[in-house]
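All remarks here apply to the structure that follows.
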Amino acid sequence: MSDERVKSNDGVQPGGDHAPERDIAFDMARRSLWVFPAWVVVSGIIWGMGGALSSALGYVLVVGNLAAAAALMAWGARTSPVALMGVTLGGFIVRLAVLAGVVLAVSPLGFFEPVPIAITILASHLGLLVWEIRYVSLRLAAPGLDLSRPGKEQK
Amino acid sequence: MDLLAQADTALDGLKALGAGLGYGLAAIGPGVGIGLVVGNAITAMARQPESAGMVRTTMFLGIAFTEALALIGFVVFILLNFA
């Protein structure tokens with residue numbers, strides 16, 4: 001077995017530094033910018049200023065959670081399969097603890113409204129995933145398809 | 001009156017206990033699920049390193065969907081504790 005072969009088996013990222021997790025998380029954050037301000041306004045109308053701030057906090061928690069997961073997995077994939085397994089499972093527990101810690105820390109503050117933050121967390125997480133999976137499934141089905149420019153193929 | 005206040009305090013304590021237990025229990029299933037997803041993704045990448053990009057994309061989305069179950073537990077925790 002040559003040195004090169006050994007090197008390519010070290011990590012699980014044979015395709016260089018490209019991290020698909022980071023692309024997906026960035027895509028989701030970018031797409032959510034279209035919907036998120038409208039939802040904050042709606043929350044503000046229904047629950048007042050506290051509702052708008054709580055919705056914003058819920059959105060930050062969801063996007064931060066996805067970004068942290070993507071960053072950890074990209075690092076793990078660059079390092080080794082064992083690191084990928086470790087950071088994915090360990091990161092899951094740590095991220096859940098951080099989410100609970102942030103909510104517990106913020107809850108005594110006056111603006112905290114549980115219902116809008118709960119709706120925002122669930123709806124934005126699932127909504128962003130379903131929205132993203134449409135693009136990803138198209139990309140996986142037809143890798144040459146450039147979804148940003150209809151009618152053109154990627155080089 | 002005193003008894004009522006004590007019952008109220010006990011109820012609050014039980015609510016907090018239930019919320020914490022519910023959150024913890026809700027995280028067990030996704031933990032097992034994420035372990036399965038990552039384990040199988042690593043097997044797939046070891047067998048076909050050239051498809052690692054596609055496998056990692058699918059793995060990340062699978063993990064995010066599995067994590068939604070834990071987030072449902074988190075939402076229940078918020079609603080039980082603060083609503």
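As shown in the structure tokens, the chain order sets the letters A, B, ...; within each chain, residues go from 1, and ligands are also counted from 1 in the order they appear.
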
* Distance filter 9 Å, only C-alpha atoms, chain B against chain A, as a PyMOL selection string -> chain B and resi 27+31+34-35+38-39+42+45-46+49-50+52-54+56-61+63-65+67-68+70-72+74-79+81-83
